[in-house]
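> Got a structure for you, query_12.cif, holding mmCIF, C-alpha atoms and all ligand atoms.
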data_my_file
#
loop_
_atom_site.group_PDB
_atom_site.id
_atom_site.type_symbol
_atom_site.label_atom_id
_atom_site.label_comp_id
_atom_site.auth_asym_id
_atom_site.auth_seq_id
_atom_site.Cartn_x
_atom_site.Cartn_y
_atom_site.Cartn_z
ATOM 1 C CA MET A 1 -9.060 17.795 13.657
ATOM 2 C CA SER A 2 -12.447 16.371 12.593
ATOM 3 C CA LYS A 3 -12.656 12.705 11.711
ATOM 4 C CA TYR A 4 -13.490 11.591 8.174
ATOM 5 C CA ASP A 5 -16.783 9.680 8.051
ATOM 6 C CA LEU A 6 -16.467 6.663 5.731
ATOM 7 C CA LYS A 7 -20.187 5.798 5.706
ATOM 8 C CA GLY A 8 -21.559 5.918 2.149
ATOM 9 C CA LYS A 9 -18.193 6.923 0.687
ATOM 10 C CA TYR A 10 -16.818 5.332 -2.505
ATOM 11 C CA VAL A 11 -13.421 3.704 -1.956
ATOM 12 C CA LEU A 12 -11.057 2.124 -4.499
ATOM 13 C CA ILE A 13 -8.665 -0.460 -3.030
ATOM 14 C CA THR A 14 -5.934 -1.787 -5.349
ATOM 15 C CA GLY A 15 -4.528 -5.279 -4.797
ATOM 16 C CA ALA A 16 -7.617 -6.175 -2.758
ATOM 17 C CA ALA A 17 -7.625 -9.937 -3.327
ATOM 18 C CA THR A 18 -4.945 -10.807 -0.771
ATOM 19 C CA GLY A 19 -2.939 -9.683 2.263
ATOM 20 C CA ILE A 20 -3.222 -6.131 3.590
ATOM 21 C CA GLY A 21 -5.513 -5.057 0.708
ATOM 22 C CA LYS A 22 -8.075 -7.738 1.540
ATOM 23 C CA GLU A 23 -8.099 -6.702 5.212
ATOM 24 C CA LEU A 24 -8.316 -3.011 4.307
ATOM 25 C CA SER A 25 -11.358 -3.809 2.145
ATOM 26 C CA ARG A 26 -13.000 -5.564 5.095
ATOM 27 C CA CYS A 27 -12.337 -2.524 7.323
ATOM 28 C CA PHE A 28 -13.737 -0.016 4.806
ATOM 29 C CA ALA A 29 -16.870 -2.123 4.272
ATOM 30 C CA ALA A 30 -17.313 -2.526 8.040
ATOM 31 C CA ALA A 31 -17.251 1.284 8.296
ATOM 32 C CA GLY A 32 -20.102 1.478 5.763
ATOM 33 C CA ALA A 33 -18.065 2.475 2.689
ATOM 34 C CA ASN A 34 -18.945 1.227 -0.800
ATOM 35 C CA CYS A 35 -15.928 -0.623 -2.144
ATOM 36 C CA VAL A 36 -14.400 -0.844 -5.589
ATOM 37 C CA LEU A 37 -12.116 -3.853 -5.305
ATOM 38 C CA HIS A 38 -9.241 -4.184 -7.750
ATOM 39 C CA ALA A 39 -7.060 -7.192 -8.526
ATOM 40 C CA LEU A 40 -5.064 -8.810 -11.293
ATOM 41 C CA PRO A 41 -7.277 -10.647 -13.848
ATOM 42 C CA GLY A 42 -6.026 -13.986 -12.443
ATOM 43 C CA GLN A 43 -7.776 -13.273 -9.109
ATOM 44 C CA ARG A 44 -11.378 -13.154 -10.402
ATOM 45 C CA LYS A 45 -12.743 -15.938 -8.193
ATOM 46 C CA THR A 46 -11.008 -14.766 -5.027
ATOM 47 C CA LEU A 47 -12.143 -11.181 -5.531
ATOM 48 C CA ALA A 48 -15.723 -12.214 -6.319
ATOM 49 C CA ALA A 49 -15.808 -14.216 -3.058
ATOM 50 C CA LEU A 50 -14.545 -11.199 -1.115
ATOM 51 C CA GLY A 51 -17.159 -9.020 -2.833
ATOM 52 C CA ARG A 52 -19.944 -11.419 -1.774
ATOM 53 C CA GLU A 53 -18.623 -11.477 1.791
ATOM 54 C CA LEU A 54 -18.618 -7.663 2.052
ATOM 55 C CA ARG A 55 -22.112 -7.263 0.551
ATOM 56 C CA GLU A 56 -23.619 -9.928 2.816
ATOM 57 C CA LYS A 57 -21.904 -8.851 6.032
ATOM 58 C CA HIS A 58 -22.089 -5.082 5.708
ATOM 59 C CA ALA A 59 -24.835 -4.331 3.142
ATOM 60 C CA VAL A 60 -22.530 -2.070 1.128
ATOM 61 C CA LYS A 61 -22.183 -1.790 -2.652
ATOM 62 C CA VAL A 62 -19.184 -3.598 -4.141
ATOM 63 C CA TRP A 63 -17.648 -3.590 -7.614
ATOM 64 C CA CYS A 64 -14.839 -5.902 -8.753
ATOM 65 C CA LEU A 65 -12.491 -4.503 -11.394
ATOM 66 C CA PHE A 66 -9.426 -6.107 -12.961
ATOM 67 C CA GLU A 67 -6.313 -4.545 -14.423
ATOM 68 C CA ASP A 68 -2.642 -5.410 -14.649
ATOM 69 C CA PHE A 69 -0.551 -2.356 -13.798
ATOM 70 C CA LEU A 70 2.200 -3.739 -16.020
ATOM 71 C CA ASP A 71 -0.024 -3.340 -19.080
ATOM 72 C CA ARG A 72 0.534 -0.090 -20.939
ATOM 73 C CA GLY A 73 -1.724 2.578 -19.385
ATOM 74 C CA GLY A 74 -3.005 0.018 -16.815
ATOM 75 C CA PRO A 75 -3.581 2.460 -13.913
ATOM 76 C CA GLU A 76 -5.330 4.946 -16.227
ATOM 77 C CA LYS A 77 -7.564 2.187 -17.639
ATOM 78 C CA LEU A 78 -8.519 1.200 -14.095
ATOM 79 C CA TYR A 79 -9.335 4.809 -13.210
ATOM 80 C CA ARG A 80 -11.573 5.116 -16.292
ATOM 81 C CA LYS A 81 -13.400 1.904 -15.343
ATOM 82 C CA VAL A 82 -13.901 3.234 -11.800
ATOM 83 C CA SER A 83 -15.303 6.514 -13.166
ATOM 84 C CA ARG A 84 -17.790 4.600 -15.335
ATOM 85 C CA ASN A 85 -19.024 2.538 -12.363
ATOM 86 C CA VAL A 86 -19.272 4.877 -9.386
ATOM 87 C CA PRO A 87 -20.639 8.435 -9.097
ATOM 88 C CA ARG A 88 -17.418 9.721 -7.493
ATOM 89 C CA LEU A 89 -14.221 8.469 -5.893
ATOM 90 C CA ASP A 90 -13.906 9.690 -2.299
ATOM 91 C CA VAL A 91 -11.017 7.514 -1.145
ATOM 92 C CA LEU A 92 -8.123 5.991 -3.093
ATOM 93 C CA VAL A 93 -6.159 3.183 -1.471
ATOM 94 C CA ASN A 94 -2.905 2.480 -3.307
ATOM 95 C CA ASN A 95 -1.917 -0.936 -2.017
ATOM 96 C CA ALA A 96 -1.011 -3.330 -4.880
ATOM 97 C CA GLY A 97 2.676 -4.113 -4.707
ATOM 98 C CA MET A 98 5.423 -6.596 -5.443
ATOM 99 C CA VAL A 99 8.927 -7.403 -4.239
ATOM 100 C CA VAL A 100 12.146 -8.642 -5.821
ATOM 101 C CA TYR A 101 14.784 -9.981 -3.415
ATOM 102 C CA GLY A 102 18.452 -10.536 -4.250
ATOM 103 C CA PRO A 103 21.617 -8.598 -5.114
ATOM 104 C CA PHE A 104 20.882 -5.587 -7.322
ATOM 105 C CA HIS A 105 23.743 -6.246 -9.747
ATOM 106 C CA ARG A 106 22.532 -9.781 -10.449
ATOM 107 C CA ALA A 107 18.767 -9.258 -10.668
ATOM 108 C CA ARG A 108 17.383 -9.080 -14.196
ATOM 109 C CA LEU A 109 16.385 -5.626 -15.361
ATOM 110 C CA GLY A 110 12.804 -6.620 -16.351
ATOM 111 C CA PRO A 111 11.532 -7.548 -12.865
ATOM 112 C CA GLN A 112 13.246 -4.498 -11.333
ATOM 113 C CA GLU A 113 11.527 -2.208 -13.847
ATOM 114 C CA ASN A 114 8.200 -3.951 -13.152
ATOM 115 C CA LEU A 115 8.698 -3.290 -9.460
ATOM 116 C CA VAL A 116 9.049 0.440 -10.143
ATOM 117 C CA ARG A 117 5.962 0.418 -12.372
ATOM 118 C CA VAL A 118 3.710 -1.350 -9.838
ATOM 119 C CA ASN A 119 5.037 0.098 -6.549
ATOM 120 C CA ALA A 120 5.769 3.654 -7.688
ATOM 121 C CA ILE A 121 4.318 4.644 -11.104
ATOM 122 C CA ALA A 122 0.872 3.055 -10.542
ATOM 123 C CA TYR A 123 0.583 4.790 -7.130
ATOM 124 C CA MET A 124 1.603 8.125 -8.668
ATOM 125 C CA ASP A 125 -0.728 7.806 -11.661
ATOM 126 C CA LEU A 126 -3.801 6.860 -9.623
ATOM 127 C CA MET A 127 -3.105 9.624 -7.116
ATOM 128 C CA ARG A 128 -2.691 12.198 -9.920
ATOM 129 C CA LEU A 129 -5.905 11.030 -11.596
ATOM 130 C CA SER A 130 -8.031 10.883 -8.423
ATOM 131 C CA THR A 131 -7.086 14.025 -6.515
ATOM 132 C CA PRO A 132 -8.512 16.739 -8.862
ATOM 133 C CA GLY A 133 -12.081 15.407 -8.379
ATOM 134 C CA MET A 134 -11.576 15.239 -4.618
ATOM 135 C CA ILE A 135 -10.293 18.826 -4.530
ATOM 136 C CA LYS A 136 -13.222 20.025 -6.638
ATOM 137 C CA ARG A 137 -15.668 18.410 -4.193
ATOM 138 C CA GLY A 138 -13.786 19.838 -1.211
ATOM 139 C CA GLY A 139 -12.850 16.519 0.392
ATOM 140 C CA GLY A 140 -11.281 13.125 -0.003
ATOM 141 C CA ARG A 141 -8.573 10.808 1.219
ATOM 142 C CA VAL A 142 -5.646 8.848 -0.230
ATOM 143 C CA LEU A 143 -4.097 5.972 1.687
ATOM 144 C CA ASN A 144 -0.736 4.995 0.232
ATOM 145 C CA VAL A 145 0.519 1.694 1.600
ATOM 146 C CA SER A 146 4.202 2.501 1.928
ATOM 147 C CA SER A 147 6.538 0.626 4.325
ATOM 148 C CA VAL A 148 9.127 1.178 7.025
ATOM 149 C CA SER A 149 11.475 0.356 4.119
ATOM 150 C CA ALA A 150 10.898 3.972 3.063
ATOM 151 C CA PHE A 151 13.000 5.311 5.959
ATOM 152 C CA GLN A 152 16.394 3.730 5.214
ATOM 153 C CA PRO A 153 17.966 1.833 2.337
ATOM 154 C CA THR A 154 16.990 -1.839 2.025
ATOM 155 C CA PRO A 155 20.065 -3.793 0.847
ATOM 156 C CA HIS A 156 19.186 -7.168 -0.761
ATOM 157 C CA HIS A 157 15.872 -5.723 -1.979
ATOM 158 C CA ALA A 158 17.266 -2.324 -2.877
ATOM 159 C CA VAL A 159 14.759 -1.353 -5.559
ATOM 160 C CA TYR A 160 11.809 -2.289 -3.313
ATOM 161 C CA GLY A 161 13.007 0.153 -0.620
ATOM 162 C CA ALA A 162 13.694 2.776 -3.277
ATOM 163 C CA THR A 163 10.081 2.560 -4.536
ATOM 164 C CA LYS A 164 8.790 2.969 -0.977
ATOM 165 C CA ALA A 165 11.056 6.004 -0.388
ATOM 166 C CA PHE A 166 9.641 7.493 -3.610
ATOM 167 C CA ILE A 167 6.045 6.963 -2.473
ATOM 168 C CA GLN A 168 6.782 8.243 1.020
ATOM 169 C CA SER A 169 8.270 11.472 -0.289
ATOM 170 C CA LEU A 170 5.473 11.920 -2.834
ATOM 171 C CA SER A 171 2.757 11.324 -0.214
ATOM 172 C CA GLU A 172 4.193 13.796 2.287
ATOM 173 C CA ALA A 173 4.865 16.446 -0.370
ATOM 174 C CA VAL A 174 1.414 16.253 -1.959
ATOM 175 C CA ASN A 175 -0.243 16.201 1.466
ATOM 176 C CA GLN A 176 1.391 19.578 2.152
ATOM 177 C CA GLU A 177 0.380 20.961 -1.251
ATOM 178 C CA LEU A 178 -3.237 20.004 -0.535
ATOM 179 C CA ARG A 179 -3.509 21.800 2.810
ATOM 180 C CA GLY A 180 -6.785 23.673 3.014
ATOM 181 C CA THR A 181 -8.466 21.661 0.226
ATOM 182 C CA GLY A 182 -10.102 19.049 2.480
ATOM 183 C CA VAL A 183 -8.032 16.298 0.827
ATOM 184 C CA ARG A 184 -5.470 14.428 2.902
ATOM 185 C CA ILE A 185 -2.831 11.857 2.008
ATOM 186 C CA THR A 186 -1.852 9.208 4.557
ATOM 187 C CA ALA A 187 1.269 7.050 4.132
ATOM 188 C CA LEU A 188 0.838 3.777 6.028
ATOM 189 C CA CYS A 189 4.242 2.282 6.839
ATOM 190 C CA PRO A 190 4.080 -1.298 8.148
ATOM 191 C CA SER A 191 7.054 -3.455 9.016
ATOM 192 C CA TYR A 192 7.170 -7.090 7.838
ATOM 193 C CA THR A 193 3.628 -8.453 7.709
ATOM 194 C CA ASP A 194 2.383 -11.998 7.286
ATOM 195 C CA THR A 195 1.072 -11.877 3.682
ATOM 196 C CA PRO A 196 1.703 -13.732 0.390
ATOM 197 C CA LEU A 197 4.138 -10.947 -0.627
ATOM 198 C CA LEU A 198 6.880 -12.493 1.492
ATOM 199 C CA LYS A 199 6.586 -15.762 -0.434
ATOM 200 C CA LYS A 200 7.140 -14.129 -3.833
ATOM 201 C CA GLY A 201 9.951 -12.490 -5.795
ATOM 202 C CA GLY A 202 12.695 -14.689 -4.349
ATOM 203 C CA PHE A 203 12.041 -13.387 -0.808
ATOM 204 C CA PRO A 204 13.770 -15.797 1.635
ATOM 205 C CA GLU A 205 11.802 -17.697 4.233
ATOM 206 C CA LYS A 206 13.246 -15.297 6.804
ATOM 207 C CA VAL A 207 15.504 -12.270 6.931
ATOM 208 C CA ARG A 208 17.394 -11.477 10.146
ATOM 209 C CA TRP A 209 15.212 -8.455 10.969
ATOM 210 C CA ILE A 210 12.092 -10.644 11.145
ATOM 211 C CA ARG A 211 13.673 -12.415 14.131
ATOM 212 C CA ILE A 212 13.610 -9.046 15.951
ATOM 213 C CA SER A 213 10.420 -7.510 14.577
ATOM 214 C CA GLY A 214 8.341 -10.667 14.069
ATOM 215 C CA LEU A 215 5.554 -10.646 11.504
ATOM 216 C CA ALA A 216 2.584 -8.315 11.911
ATOM 217 C CA ASP A 217 -1.006 -9.483 11.397
ATOM 218 C CA PRO A 218 -2.421 -7.893 8.194
ATOM 219 C CA ALA A 219 -5.838 -7.452 9.870
ATOM 220 C CA VAL A 220 -4.249 -5.362 12.647
ATOM 221 C CA ILE A 221 -2.228 -3.301 10.141
ATOM 222 C CA ALA A 222 -5.376 -2.632 8.106
ATOM 223 C CA ARG A 223 -7.421 -1.597 11.141
ATOM 224 C CA LYS A 224 -4.718 0.815 12.292
ATOM 225 C CA GLY A 225 -4.218 2.120 8.743
ATOM 226 C CA VAL A 226 -7.898 2.944 8.308
ATOM 227 C CA ARG A 227 -7.923 4.656 11.715
ATOM 228 C CA ALA A 228 -4.932 6.787 10.624
ATOM 229 C CA LEU A 229 -6.738 7.732 7.412
ATOM 230 C CA VAL A 230 -9.919 8.678 9.310
ATOM 231 C CA LYS A 231 -7.831 10.930 11.571
ATOM 232 C CA GLY A 232 -6.041 12.444 8.545
ATOM 233 C CA ARG A 233 -2.562 11.515 9.755
ATOM 234 C CA PRO A 234 0.151 12.158 7.134
ATOM 235 C CA VAL A 235 2.438 9.287 8.221
ATOM 236 C CA TYR A 236 1.540 6.254 10.302
ATOM 237 C CA VAL A 237 3.987 3.572 11.457
ATOM 238 C CA PRO A 238 2.158 0.752 13.298
ATOM 239 C CA GLY A 239 3.851 -0.541 16.486
ATOM 240 C CA LEU A 240 5.814 1.213 19.228
ATOM 241 C CA VAL A 241 9.152 -0.492 18.494
ATOM 242 C CA ASN A 242 8.811 0.279 14.791
ATOM 243 C CA LYS A 243 8.004 3.924 15.564
ATOM 244 C CA PHE A 244 11.104 4.170 17.780
ATOM 245 C CA VAL A 245 13.453 2.400 15.343
ATOM 246 C CA HIS A 246 12.304 4.029 12.114
ATOM 247 C CA LEU A 247 11.184 7.506 13.189
ATOM 248 C CA VAL A 248 13.591 8.228 16.072
ATOM 249 C CA LEU A 249 16.677 5.959 16.139
ATOM 250 C CA ASN A 250 17.119 6.188 12.386
ATOM 251 C CA ARG A 251 17.288 9.959 12.508
ATOM 252 C CA ILE A 252 19.787 10.315 15.354
ATOM 253 C CA THR A 253 22.149 7.544 14.178
ATOM 254 C CA PRO A 254 24.857 8.443 11.620
ATOM 255 C CA ARG A 255 23.722 7.370 8.157
ATOM 256 C CA VAL A 256 26.739 5.084 7.515
ATOM 257 C CA ILE A 257 25.803 3.110 10.625
ATOM 258 C CA VAL A 258 22.122 2.934 9.608
ATOM 259 C CA ASP A 259 23.207 1.655 6.173
ATOM 260 C CA ALA A 260 25.518 -0.991 7.671
ATOM 261 C CA ILE A 261 22.869 -2.201 10.144
ATOM 262 C CA SER A 262 20.336 -2.428 7.312
ATOM 263 C CA ASN A 263 22.790 -4.511 5.282
ATOM 264 C CA PHE A 264 23.192 -6.942 8.194
ATOM 265 C CA ALA A 265 19.557 -7.046 9.295
ATOM 266 C CA LEU A 266 17.986 -7.544 5.871
ATOM 267 C CA LYS A 267 20.207 -10.507 4.899
ATOM 268 C CA LYS A 268 18.670 -13.941 4.568
ATOM 269 C CA ASP A 269 18.511 -15.586 8.018
ATOM 270 C CA ALA A 270 20.594 -18.769 7.897
HETATM 271 N N1 LIG B 301 3.977 -7.899 3.634
HETATM 272 C C1 LIG B 301 4.864 -7.045 4.115
HETATM 273 O O1 LIG B 301 5.810 -7.398 4.849
HETATM 274 C C2 LIG B 301 4.719 -5.564 3.812
HETATM 275 C C3 LIG B 301 5.351 -4.642 4.651
HETATM 276 C C4 LIG B 301 5.231 -3.280 4.372
HETATM 277 C C5 LIG B 301 4.494 -2.870 3.283
HETATM 278 N N2 LIG B 301 3.887 -3.794 2.485
HETATM 279 C C6 LIG B 301 3.138 -3.303 1.321
HETATM 280 O O2 LIG B 301 1.781 -3.649 1.463
HETATM 281 C C7 LIG B 301 1.169 -3.676 0.176
HETATM 282 C C8 LIG B 301 0.308 -4.914 0.057
HETATM 283 O O3 LIG B 301 1.164 -6.058 0.063
HETATM 284 P P1 LIG B 301 0.851 -7.384 0.864
HETATM 285 O O4 LIG B 301 1.937 -7.566 1.830
HETATM 286 O O5 LIG B 301 -0.546 -7.406 1.320
HETATM 287 O O6 LIG B 301 1.116 -8.474 -0.277
HETATM 288 P P2 LIG B 301 0.168 -9.232 -1.283
HETATM 289 O O7 LIG B 301 -0.835 -10.027 -0.554
HETATM 290 O O8 LIG B 301 1.046 -9.920 -2.262
HETATM 291 O O9 LIG B 301 -0.627 -8.038 -2.009
HETATM 292 C C9 LIG B 301 -0.150 -7.347 -3.115
HETATM 293 C C10 LIG B 301 -1.242 -7.345 -4.159
HETATM 294 O O10 LIG B 301 -0.804 -6.598 -5.309
HETATM 295 C C11 LIG B 301 -1.187 -7.311 -6.480
HETATM 296 N N3 LIG B 301 -0.339 -7.036 -7.631
HETATM 297 C C12 LIG B 301 0.942 -7.468 -7.835
HETATM 298 N N4 LIG B 301 1.362 -7.098 -9.056
HETATM 299 C C13 LIG B 301 0.351 -6.418 -9.644
HETATM 300 C C14 LIG B 301 0.164 -5.815 -10.918
HETATM 301 N N5 LIG B 301 1.109 -5.887 -11.869
HETATM 302 N N6 LIG B 301 -0.985 -5.197 -11.196
HETATM 303 C C15 LIG B 301 -1.978 -5.167 -10.266
HETATM 304 N N7 LIG B 301 -1.887 -5.740 -9.048
HETATM 305 C C16 LIG B 301 -0.741 -6.360 -8.737
HETATM 306 C C17 LIG B 301 -1.026 -8.782 -6.055
HETATM 307 O O11 LIG B 301 -1.734 -9.635 -6.926
HETATM 308 P P3 LIG B 301 -1.303 -11.207 -7.033
HETATM 309 O O12 LIG B 301 -1.443 -11.766 -5.661
HETATM 310 O O13 LIG B 301 -2.311 -11.776 -7.980
HETATM 311 O O14 LIG B 301 0.095 -11.230 -7.540
HETATM 312 C C18 LIG B 301 -1.564 -8.768 -4.637
HETATM 313 O O15 LIG B 301 -2.943 -8.993 -4.577
HETATM 314 C C19 LIG B 301 2.304 -3.599 -0.845
HETATM 315 O O16 LIG B 301 2.386 -2.305 -1.370
HETATM 316 C C20 LIG B 301 3.534 -3.917 0.003
HETATM 317 O O17 LIG B 301 4.702 -3.356 -0.524
HETATM 318 C C21 LIG B 301 3.970 -5.117 2.733
#
Mind turning the file's structure into structure tokens?

Amino acid sequence: MSKYDLKGKYVLITGAATGIGKELSRCFAAAGANCVLHALPGQRKTLAALGRELREKHAVKVWCLFEDFLDRGGPEKLYRKVSRNVPRLDVLVNNAGMVVYGPFHRARLGPQENLVRVNAIAYMDLMRLSTPGMIKRGGGRVLNVSSVSAFQPTPHHAVYGATKAFIQSLSEAVNQELRGTGVRITALCPSYTDTPLLKKGGFPEKVRWIRISGLADPAVIARKGVRALVKGRPVYVPGLVNKFVHLVLNRITPRVIVDAISNFALKKDA
């Protein structure tokens, strides 16, 4: 399988101001790709600083665009802005995400619906809007930042895991549909990673699983994710233990046991 050359390509990275998105942007720029960085309007200064860093260090072109995916038609508005700024979109990186932690029956409906809109609908919309152009040109890549949460239910942040399962299924299905077109979809599935996400949405300081898995470094996750995209891998789980737990153990263990372990492991660590 030939590797995808990122040099001179145009890449859109959503949620680029912080965490995994920021590190992914650094990796794409280091590989010589021109970067369209996206963030919420409140992140203007942070994104501008990242843009300057990438231009100075890697001599690539950078655009900073702002859109809230909770605004009506937000993903579509972003796509239109991208189309006005760059000659073509070669790579889409769906990364912007949020989390809501706590019992499903007590969480307010609004934040849960927002979670679905940002983590699932925005990914789907941007992927649907970007892929026809890629197919027409005979090549392109989509990197969907999913999660190991896609592989089993995630009690205590049930809707979060459900959005990741949605994206995982969508990524793998569309990747199959696009065989022979030159366009590939990669689902990157990290375990818990040390980013601002884990300090938002009522997420506890620690859940029990973090004691076992630890916290991954977002720079390492990004580097491995970009490598998986370059190789055209459909699914990539960083880390040997994570691969074994989520791709092997999960599948040979009866589902009721997987569900019960998830319930225990994802509880707040006392
Ligand atoms: N951290 C983990 O343990 C982990 C593990 C597996 C997968 N992931 C996934 O990795 C991706 C990146 O998350 P991260 O961990 O790097 O966290 P992060 O630093 O919080 O990044 C998420 C980004 O999405 C942006 N965002 C949130 N709501 C948005 C909206 N309505 N419209 C547009 N942008 C919005 C955030 O902006 P603000 O900062 O301004 O709110 C933030 O920059 C997410 O999809 C997440 O689910 C994370």
> Restricting the calculation to all atoms listed in the file, which member of A:Met98, A:Val142, A:Val258, A:Val230 is positioned closest to A:Ala31?
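When distances to A:Ala31 are compared using all atoms listed in the file, the smallest one comes from A:Val230.
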> Select, counting all atoms listed in the file, all protein, DNA and RNA residues no farther than 9 Å from (18.5, -17.1, 3.8) in file coordinates, and express the selection as a ChimeraX atom specification.
/A:203-208,267-270
> Return as number ranges by chain the set of residues that the PyMOL selection byres (((not hetatm)) within 7 of (chain B and resi 301)) yields on the displayed structure.
A: 14-21, 39-40, 42-43, 67-70, 95-99, 118-119, 145-148, 189-198
> Nearest to A:Val220 among A:Arg108, A:Lys9, A:Lys22, A:Lys3, with distances taken over all atoms listed in the file: which residue is it?
A:Lys22
> Hey, what's within 8 Å of A:Leu12 if we count all atoms listed in the file and toss same-chain stuff fewer than 6 positions away? As a list in words, please?
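In the requested form, the answer reads Cys35, Val36, Leu37, His38, Val82, Leu89, Val91, Leu92 and Val93 of chain A.
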> Which residues, protein or nucleic acid, reach to within 12 Å of (3.7, 14.0, 8.6) in the file's coordinates when using only C-alpha atoms, and can you give that as an mmCIF file with C-alpha atoms, keeping the file's coordinate frame?

data_model
loop_
_atom_site.group_PDB
_atom_site.id
_atom_site.type_symbol
_atom_site.label_atom_id
_atom_site.label_comp_id
_atom_site.auth_asym_id
_atom_site.auth_seq_id
_atom_site.Cartn_x
_atom_site.Cartn_y
_atom_site.Cartn_z
ATOM 1 C CA GLN A 168 6.782 8.243 1.020
ATOM 2 C CA SER A 169 8.270 11.472 -0.289
ATOM 3 C CA LEU A 170 5.473 11.920 -2.834
ATOM 4 C CA SER A 171 2.757 11.324 -0.214
ATOM 5 C CA GLU A 172 4.193 13.796 2.287
ATOM 6 C CA ALA A 173 4.865 16.446 -0.370
ATOM 7 C CA VAL A 174 1.414 16.253 -1.959
ATOM 8 C CA ASN A 175 -0.243 16.201 1.466
ATOM 9 C CA GLN A 176 1.391 19.578 2.152
ATOM 10 C CA ARG A 184 -5.470 14.428 2.902
ATOM 11 C CA ILE A 185 -2.831 11.857 2.008
ATOM 12 C CA THR A 186 -1.852 9.208 4.557
ATOM 13 C CA ALA A 187 1.269 7.050 4.132
ATOM 14 C CA LEU A 188 0.838 3.777 6.028
ATOM 15 C CA CYS A 189 4.242 2.282 6.839
ATOM 16 C CA ALA A 228 -4.932 6.787 10.624
ATOM 17 C CA GLY A 232 -6.041 12.444 8.545
ATOM 18 C CA ARG A 233 -2.562 11.515 9.755
ATOM 19 C CA PRO A 234 0.151 12.158 7.134
ATOM 20 C CA VAL A 235 2.438 9.287 8.221
ATOM 21 C CA TYR A 236 1.540 6.254 10.302
ATOM 22 C CA VAL A 237 3.987 3.572 11.457
ATOM 23 C CA LEU A 247 11.184 7.506 13.189
#
